[in-house]
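Colleague: Just dropping this structure here.
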Amino acid sequence: MQFEFTEEQLMIRQAARDFAQTELKPGVIERDEHQKFPAEQIKKLGELGFLGMMVSPQYGGSGMDAISYVLVMEELSKVDASASVVVSVNNSLVCYGLEKYGSEAQKQKYLVPLAKGEVIGAFCLSEPEAGSDATSQRTTAIDMGDYYLVNGTKNWITNGNSASTYIVMAQTDASKKHHGINALIMEKGMEGFTIGPKENKMGIRGSDTHSLMFTDVKVPKENRIGDEGFGFKFAMSTLEGGRIGIAAQALGIASGAYELAVQYAKERKAFGKTIADLQAIQFKLADMATEIEAARLLCLKAAWLKDHGKSYTQAGSMAKLFASEVAMRTTVEAVQIHGGYGFVKEYHVERLMRDAKITQIYEGTSEIQRIVISRGVLK
Ligand SMILES: Cc1cc2nc3c(=O)[nH]c(=O)nc-3n(C[C@H](O)[C@H](O)[C@H](O)COP(=O)(O)OP(=O)(O)OC[C@H]3O[C@@H](n4cnc5c(N)ncnc54)[C@H](O)[C@@H]3O)c2cc1C
């Protein structure tokens, strides 16, 4: 076994760490408060090659491995999970699927600008009546010969208003159930495509979450990804990689809160000594450190399996399940260690606690991850 990072991986981690401190940290509280999308910061992340990290340079990407992706996601998420979710969605749910399953023409037209960070993408599976049960797609894509006529509503779409390219799952042949679902590339501005108001969220408030409405949108046949009826498989395959990104996001939220708690414990005095001298606080920090390290190893293992072309379905779900639960526990304890100061915005930990919650919900809830893991256990 090899527990060391390469020089390149360490450099990428350092670049992400520096970016998080210099570009994301200033203004993160204000963006959270006002639900402001980190547009400038995302543009710069694109220029650094972080929006198409694993895409081959042939298609405008950085050609990095999934281990580097985990390192970058952890560092960015320590400071701003609203920015890191954009990185995760663009890399895992949009670029990955287009590179793996898209046609050459789709790659040239859509993947190249996405991988270069010139535009960002969105992945549109969830609907008002189809969340965990993603097979119940009500959005329809009727085959009209040389185009599909799309009608329906998508819910909770990350980058909903900021994206230019949308990958939309829709039902073409209901008699075939999920084998009748297609994945279609749609563009902002297509006639009949409207964007609902921004959701007012508990956490990742800087991210741009909207519902999308489609009324008789004409999507050319050449915008279908893969064969007829491949859409559900496409969605499940991209979500598998997405879980590594969200697991690393949860890891970053946990380690960000932990680092703040360690620093605060060394500074805050009570009863004539620092609170870090109190065994009650030391034990909390020890538990946090141990759980975070375990979460990190699960994330890295899933990424390593992906990099080596091995199955990472179960490993990705384990990483997401565990890291998201560690993120919740760690952030709650980080607030506790900060006492009253943890309850106000200036100290960052309350935001991290609110941000942690979403990692147990999106890209498959913790319950859904347990279903995936137990399937592997029992097969
Ligand atoms: C901020 C945010 C951003 C999001 N971004 C996107 C996006 O970009 N694209 C996209 O497509 N979706 C996105 N989602 C949607 C997200 O993936 C869904 O919310 C999630 O999959 C859960 O679906 P649901 O909300 O319909 O909950 P439900 O599926 O209704 O689940 C409700 C509860 O029932 C449990 N449950 C459901 N089925 C089972 C089962 N079989 N066994 C045990 N428990 C079960 C769930 O775990 C949960 O606790 C986002 C959501 C949010 C909140």
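We label chains A, B, ... in the order they appear in the structure tokens, count residues from 1 in each chain, and number ligands from 1 in the order shown.
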Within 8 Å of ligand 1, counting only C-alpha atoms and all ligand atoms, which protein or nucleic acid residues do you find, written as a PyMOL selection string?

Modeller: chain A and resi 89+122-134+154-160+201+203-204+207+209+358+361-368+371

Colleague: Please list as a list in words every residue within 8 Å of Ser324 (chain A), counting only C-alpha atoms and excluding residues in the same chain fewer than 4 positions away.

Modeller: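 Final neighbour list, sorted by chain and number: Ala247, Ala250, Leu251, Lys320, Met328, Ala356, Lys357, Thr359 and Gln360 of chain A.
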
Colleague: Take the selection from the previous step and output its residues with N, CA and C atoms, as a compact mmCIF listing (two decimals), in the first residue's frame.

Modeller:
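File produced: result-v1.txt:
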# COMPACT_ATOMS: atom_id res chain seq x y z
N ALA A 247 -18.58 13.26 -0.96
CA ALA A 247 -17.89 12.71 0.22
C ALA A 247 -16.72 13.62 0.58
N ALA A 250 -17.94 16.77 2.17
CA ALA A 250 -18.28 16.56 3.58
C ALA A 250 -16.99 16.48 4.42
N LEU A 251 -15.99 15.79 3.90
CA LEU A 251 -14.70 15.71 4.58
C LEU A 251 -14.12 17.11 4.82
N LYS A 320 -19.31 8.49 1.06
CA LYS A 320 -20.29 9.57 1.22
C LYS A 320 -21.09 9.41 2.51
N MET A 328 -21.49 16.12 9.99
CA MET A 328 -22.54 16.58 10.91
C MET A 328 -22.03 16.57 12.35
N ALA A 356 -23.07 21.34 6.43
CA ALA A 356 -22.83 19.89 6.53
C ALA A 356 -24.09 19.10 6.20
N LYS A 357 -25.25 19.63 6.59
CA LYS A 357 -26.49 18.83 6.50
C LYS A 357 -26.79 18.36 5.08
N THR A 359 -24.92 17.40 2.82
CA THR A 359 -24.13 16.26 2.31
C THR A 359 -24.78 14.92 2.68
N GLN A 360 -25.71 14.94 3.63
CA GLN A 360 -26.45 13.71 3.95
C GLN A 360 -27.69 13.55 3.06

Colleague: One decimal, in Å: what's the spacing between CA of Glu240 (chain A) and CA of Lys198 (chain A)?

Modeller: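 According to the coordinates, CA of Glu240 (chain A) and CA of Lys198 (chain A) are separated by 26.8 Å.
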
Colleague: DSSP on the backbone: which residues in region 253-296 of chain A end up as helix (DSSP H, G or I)? Give the answer as a short mmCIF file (atom, residue, chain, number, x, y, z; two decimals) with N, CA, C and O atoms, in the first residue's frame.

Modeller:
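For reference, states-v4.cif as written:
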data_model
loop_
_atom_site.label_atom_id
_atom_site.label_comp_id
_atom_site.auth_asym_id
_atom_site.auth_seq_id
_atom_site.Cartn_x
_atom_site.Cartn_y
_atom_site.Cartn_z
N ILE A 253 -15.74 20.01 4.93
CA ILE A 253 -16.55 20.76 5.91
C ILE A 253 -16.13 20.32 7.32
O ILE A 253 -15.92 21.14 8.21
N ALA A 254 -15.97 19.00 7.50
CA ALA A 254 -15.56 18.48 8.82
C ALA A 254 -14.17 18.96 9.19
O ALA A 254 -13.94 19.47 10.30
N SER A 255 -13.23 18.85 8.26
CA SER A 255 -11.86 19.22 8.64
C SER A 255 -11.72 20.72 8.81
O SER A 255 -10.94 21.19 9.65
N GLY A 256 -12.51 21.51 8.05
CA GLY A 256 -12.49 22.96 8.25
C GLY A 256 -12.97 23.32 9.66
O GLY A 256 -12.35 24.14 10.36
N ALA A 257 -14.06 22.69 10.09
CA ALA A 257 -14.61 22.98 11.43
C ALA A 257 -13.64 22.50 12.51
O ALA A 257 -13.44 23.17 13.54
N TYR A 258 -13.04 21.36 12.28
CA TYR A 258 -12.09 20.80 13.24
C TYR A 258 -10.88 21.74 13.41
O TYR A 258 -10.46 22.04 14.54
N GLU A 259 -10.34 22.21 12.30
CA GLU A 259 -9.17 23.11 12.39
C GLU A 259 -9.51 24.39 13.16
O GLU A 259 -8.72 24.87 13.96
N LEU A 260 -10.71 24.92 12.91
CA LEU A 260 -11.13 26.12 13.65
C LEU A 260 -11.28 25.81 15.14
O LEU A 260 -10.92 26.62 16.00
N ALA A 261 -11.79 24.61 15.45
CA ALA A 261 -12.00 24.23 16.85
C ALA A 261 -10.66 24.06 17.57
O ALA A 261 -10.51 24.49 18.73
N VAL A 262 -9.68 23.47 16.91
CA VAL A 262 -8.35 23.28 17.53
C VAL A 262 -7.74 24.65 17.85
O VAL A 262 -7.27 24.91 18.96
N GLN A 263 -7.81 25.53 16.85
CA GLN A 263 -7.23 26.86 17.01
C GLN A 263 -7.92 27.62 18.16
O GLN A 263 -7.27 28.20 19.02
N TYR A 264 -9.24 27.54 18.18
CA TYR A 264 -10.01 28.26 19.20
C TYR A 264 -9.72 27.70 20.60
O TYR A 264 -9.54 28.44 21.56
N ALA A 265 -9.62 26.36 20.68
CA ALA A 265 -9.39 25.71 21.98
C ALA A 265 -8.04 26.13 22.57
O ALA A 265 -7.87 26.20 23.79
N LYS A 266 -7.08 26.42 21.68
CA LYS A 266 -5.76 26.83 22.18
C LYS A 266 -5.74 28.28 22.64
O LYS A 266 -4.85 28.69 23.37
N GLU A 267 -6.73 29.06 22.19
CA GLU A 267 -6.74 30.49 22.51
C GLU A 267 -7.69 30.82 23.67
O GLU A 267 -7.38 31.67 24.50
N ILE A 275 -8.93 26.25 27.16
CA ILE A 275 -9.87 25.11 27.18
C ILE A 275 -9.23 23.87 26.57
O ILE A 275 -9.68 22.75 26.81
N ALA A 276 -8.16 24.06 25.76
CA ALA A 276 -7.44 22.90 25.20
C ALA A 276 -6.75 22.10 26.31
O ALA A 276 -6.38 20.94 26.10
N ASP A 277 -6.58 22.71 27.48
CA ASP A 277 -5.98 21.98 28.61
C ASP A 277 -7.01 21.10 29.33
O ASP A 277 -6.66 20.34 30.24
N GLN A 279 -9.52 18.06 29.67
CA GLN A 279 -9.59 16.75 29.03
C GLN A 279 -10.91 16.57 28.24
O GLN A 279 -10.93 15.90 27.20
N ALA A 280 -11.97 17.21 28.74
CA ALA A 280 -13.26 17.10 28.02
C ALA A 280 -13.13 17.61 26.59
O ALA A 280 -13.69 17.04 25.65
N ILE A 281 -12.39 18.70 26.43
CA ILE A 281 -12.19 19.28 25.09
C ILE A 281 -11.19 18.43 24.32
O ILE A 281 -11.37 18.17 23.11
N GLN A 282 -10.13 17.99 24.98
CA GLN A 282 -9.12 17.14 24.30
C GLN A 282 -9.78 15.89 23.71
O GLN A 282 -9.48 15.48 22.59
N PHE A 283 -10.68 15.28 24.47
CA PHE A 283 -11.32 14.05 23.99
C PHE A 283 -12.22 14.33 22.78
O PHE A 283 -12.31 13.52 21.85
N LYS A 284 -12.89 15.48 22.82
CA LYS A 284 -13.72 15.85 21.64
C LYS A 284 -12.81 15.97 20.42
O LYS A 284 -13.12 15.45 19.34
N LEU A 285 -11.67 16.66 20.58
CA LEU A 285 -10.76 16.87 19.44
C LEU A 285 -10.19 15.53 18.96
O LEU A 285 -10.02 15.32 17.75
N ALA A 286 -9.90 14.65 19.90
CA ALA A 286 -9.35 13.33 19.53
C ALA A 286 -10.37 12.55 18.70
O ALA A 286 -10.02 11.94 17.67
N ASP A 287 -11.62 12.58 19.12
CA ASP A 287 -12.67 11.87 18.37
C ASP A 287 -12.85 12.48 16.99
O ASP A 287 -13.00 11.77 15.98
N MET A 288 -12.84 13.81 16.93
CA MET A 288 -13.01 14.49 15.64
C MET A 288 -11.86 14.11 14.70
O MET A 288 -12.08 13.75 13.54
N ALA A 289 -10.64 14.16 15.22
CA ALA A 289 -9.46 13.87 14.38
C ALA A 289 -9.52 12.44 13.85
O ALA A 289 -9.21 12.18 12.68
N THR A 290 -9.92 11.52 14.71
CA THR A 290 -9.95 10.10 14.31
C THR A 290 -11.01 9.87 13.23
O THR A 290 -10.75 9.20 12.22
N GLU A 291 -12.18 10.44 13.45
CA GLU A 291 -13.26 10.23 12.47
C GLU A 291 -12.93 10.89 11.13
O GLU A 291 -13.23 10.34 10.07
N ILE A 292 -12.32 12.06 11.20
CA ILE A 292 -11.97 12.76 9.95
C ILE A 292 -10.94 11.96 9.18
O ILE A 292 -11.02 11.82 7.95
N GLU A 293 -9.97 11.39 9.88
CA GLU A 293 -8.95 10.60 9.20
C GLU A 293 -9.58 9.36 8.53
O GLU A 293 -9.24 9.00 7.40
N ALA A 294 -10.52 8.75 9.24
CA ALA A 294 -11.19 7.57 8.66
C ALA A 294 -12.00 7.98 7.42
O ALA A 294 -11.98 7.28 6.40
N ALA A 295 -12.68 9.12 7.51
CA ALA A 295 -13.45 9.61 6.35
C ALA A 295 -12.51 9.90 5.18
O ALA A 295 -12.82 9.57 4.03
N ARG A 296 -11.36 10.51 5.49
CA ARG A 296 -10.40 10.85 4.42
C ARG A 296 -9.93 9.58 3.72
O ARG A 296 -9.85 9.52 2.49
#

Colleague: Residues at most 9 Å from Lys44 (chain A), counting only C-alpha atoms, excluding those fewer than 5 positions away in the same chain, as a list of chain:residue names?

Modeller: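 Near Lys44 (chain A), the qualifying residues are A:Glu23, A:Ala39, A:Gly49, A:Phe50, A:Gly117.
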
Colleague: Any chance you could export the current selection's C-alpha atoms as a JSON list (two decimals), in the first residue's frame?

Modeller:
[["chain", "number", "residue", "atom", "x", "y", "z"],
["A", 23, "GLU", "CA", -10.11, 34.05, -2.72],
["A", 39, "ALA", "CA", -19.43, 34.03, -9.65],
["A", 49, "GLY", "CA", -8.39, 24.25, -14.34],
["A", 50, "PHE", "CA", -10.45, 23.11, -11.34],
["A", 117, "GLY", "CA", -14.52, 26.71, -17.07]]

Colleague: For the atom pair CA of Arg17 (chain A) and CA of Leu76 (chain A), what is the interatomic distance in Å to one decimal place?

Modeller: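 Here the two named atoms are 6.8 Å from each other.
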
Colleague: Within 9 Å of region 1-5 of chain A, counting only C-alpha atoms, which residues qualify if same-chain residues fewer than 4 places away don't, as a list in words?

Modeller: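 In the requested format, the answer is Gln9, Leu10 and Ile67 of chain A.
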
Colleague: Please provide the set of residues having any atom within 8 Å of Tyr69 (chain A), restricted to only C-alpha atoms, with same-chain residues fewer than 5 positions apart removed, written as a VMD selection string.

Modeller: chain A and resid 53 to 54 64 245

Colleague: Within 10 Å of Val150 (chain A), counting only C-alpha atoms, which residues qualify if same-chain residues fewer than 6 places away don't, as JSON, numbers by chain?

Modeller: {"A": [139, 140, 141, 142, 143, 168, 170, 171, 172, 184, 192, 193, 213, 214, 215, 216, 217, 218, 219]}

Colleague: How about saving the chosen residues, N, CA and C atoms kept, as a tab-separated table (two decimals), in the first residue's frame?

Modeller:
chain	number	residue	atom	x	y	z
A	139	THR	N	-41.05	14.16	-16.21
A	139	THR	CA	-40.68	15.00	-17.36
A	139	THR	C	-40.66	14.10	-18.58
A	140	THR	N	-41.31	14.56	-19.65
A	140	THR	CA	-41.41	13.72	-20.84
A	140	THR	C	-40.58	14.31	-21.99
A	141	ALA	N	-40.06	13.41	-22.80
A	141	ALA	CA	-39.32	13.81	-24.01
A	141	ALA	C	-39.90	12.99	-25.15
A	142	ILE	N	-40.89	13.56	-25.80
A	142	ILE	CA	-41.59	12.80	-26.85
A	142	ILE	C	-40.78	12.84	-28.14
A	143	ASP	N	-40.62	11.67	-28.72
A	143	ASP	CA	-39.85	11.54	-29.96
A	143	ASP	C	-40.65	12.12	-31.12
A	168	VAL	N	-30.42	16.88	-18.87
A	168	VAL	CA	-31.78	16.69	-18.35
A	168	VAL	C	-32.24	15.25	-18.62
A	170	ALA	N	-35.24	12.64	-18.95
A	170	ALA	CA	-36.68	12.73	-19.27
A	170	ALA	C	-37.16	11.40	-19.85
A	171	GLN	N	-38.46	11.15	-19.59
A	171	GLN	CA	-39.05	9.86	-19.99
A	171	GLN	C	-39.56	9.93	-21.43
A	172	THR	N	-39.05	9.05	-22.28
A	172	THR	CA	-39.53	9.01	-23.67
A	172	THR	C	-40.56	7.89	-23.84
A	184	LEU	N	-30.68	14.24	-22.07
A	184	LEU	CA	-30.62	15.22	-23.17
A	184	LEU	C	-29.83	16.45	-22.75
A	192	GLY	N	-39.13	27.96	-24.38
A	192	GLY	CA	-39.97	27.13	-23.52
A	192	GLY	C	-39.24	26.65	-22.26
A	193	PHE	N	-37.98	27.04	-22.10
A	193	PHE	CA	-37.17	26.64	-20.93
A	193	PHE	C	-37.15	27.83	-19.97
A	213	MET	N	-38.45	24.74	-15.50
A	213	MET	CA	-39.71	24.36	-16.13
A	213	MET	C	-39.52	24.26	-17.65
A	214	PHE	N	-40.05	23.19	-18.22
A	214	PHE	CA	-39.94	22.99	-19.66
A	214	PHE	C	-41.35	22.92	-20.26
A	215	THR	N	-41.61	23.79	-21.21
A	215	THR	CA	-42.89	23.76	-21.92
A	215	THR	C	-42.63	23.66	-23.41
A	216	ASP	N	-42.89	22.48	-23.94
A	216	ASP	CA	-42.68	22.24	-25.38
A	216	ASP	C	-41.30	22.67	-25.86
A	217	VAL	N	-40.28	22.31	-25.11
A	217	VAL	CA	-38.91	22.65	-25.53
A	217	VAL	C	-38.47	21.63	-26.59
A	218	LYS	N	-37.97	22.15	-27.72
A	218	LYS	CA	-37.51	21.26	-28.80
A	218	LYS	C	-36.03	21.01	-28.62
A	219	VAL	N	-35.68	19.75	-28.36
A	219	VAL	CA	-34.27	19.39	-28.17
A	219	VAL	C	-33.84	18.50	-29.33

Colleague: For the strand (DSSP E) assignment from backbone DSSP, which residues of region 252-283 of chain A qualify? Please present them as number ranges by chain.

Modeller: A: 269-270, 273-274

Colleague: Looking at only C-alpha atoms, which of A:Gly97, A:Gly196, A:Gly180, A:Gly342 is the one that sits closest to Val55 (chain A)?

Modeller: A:Gly97
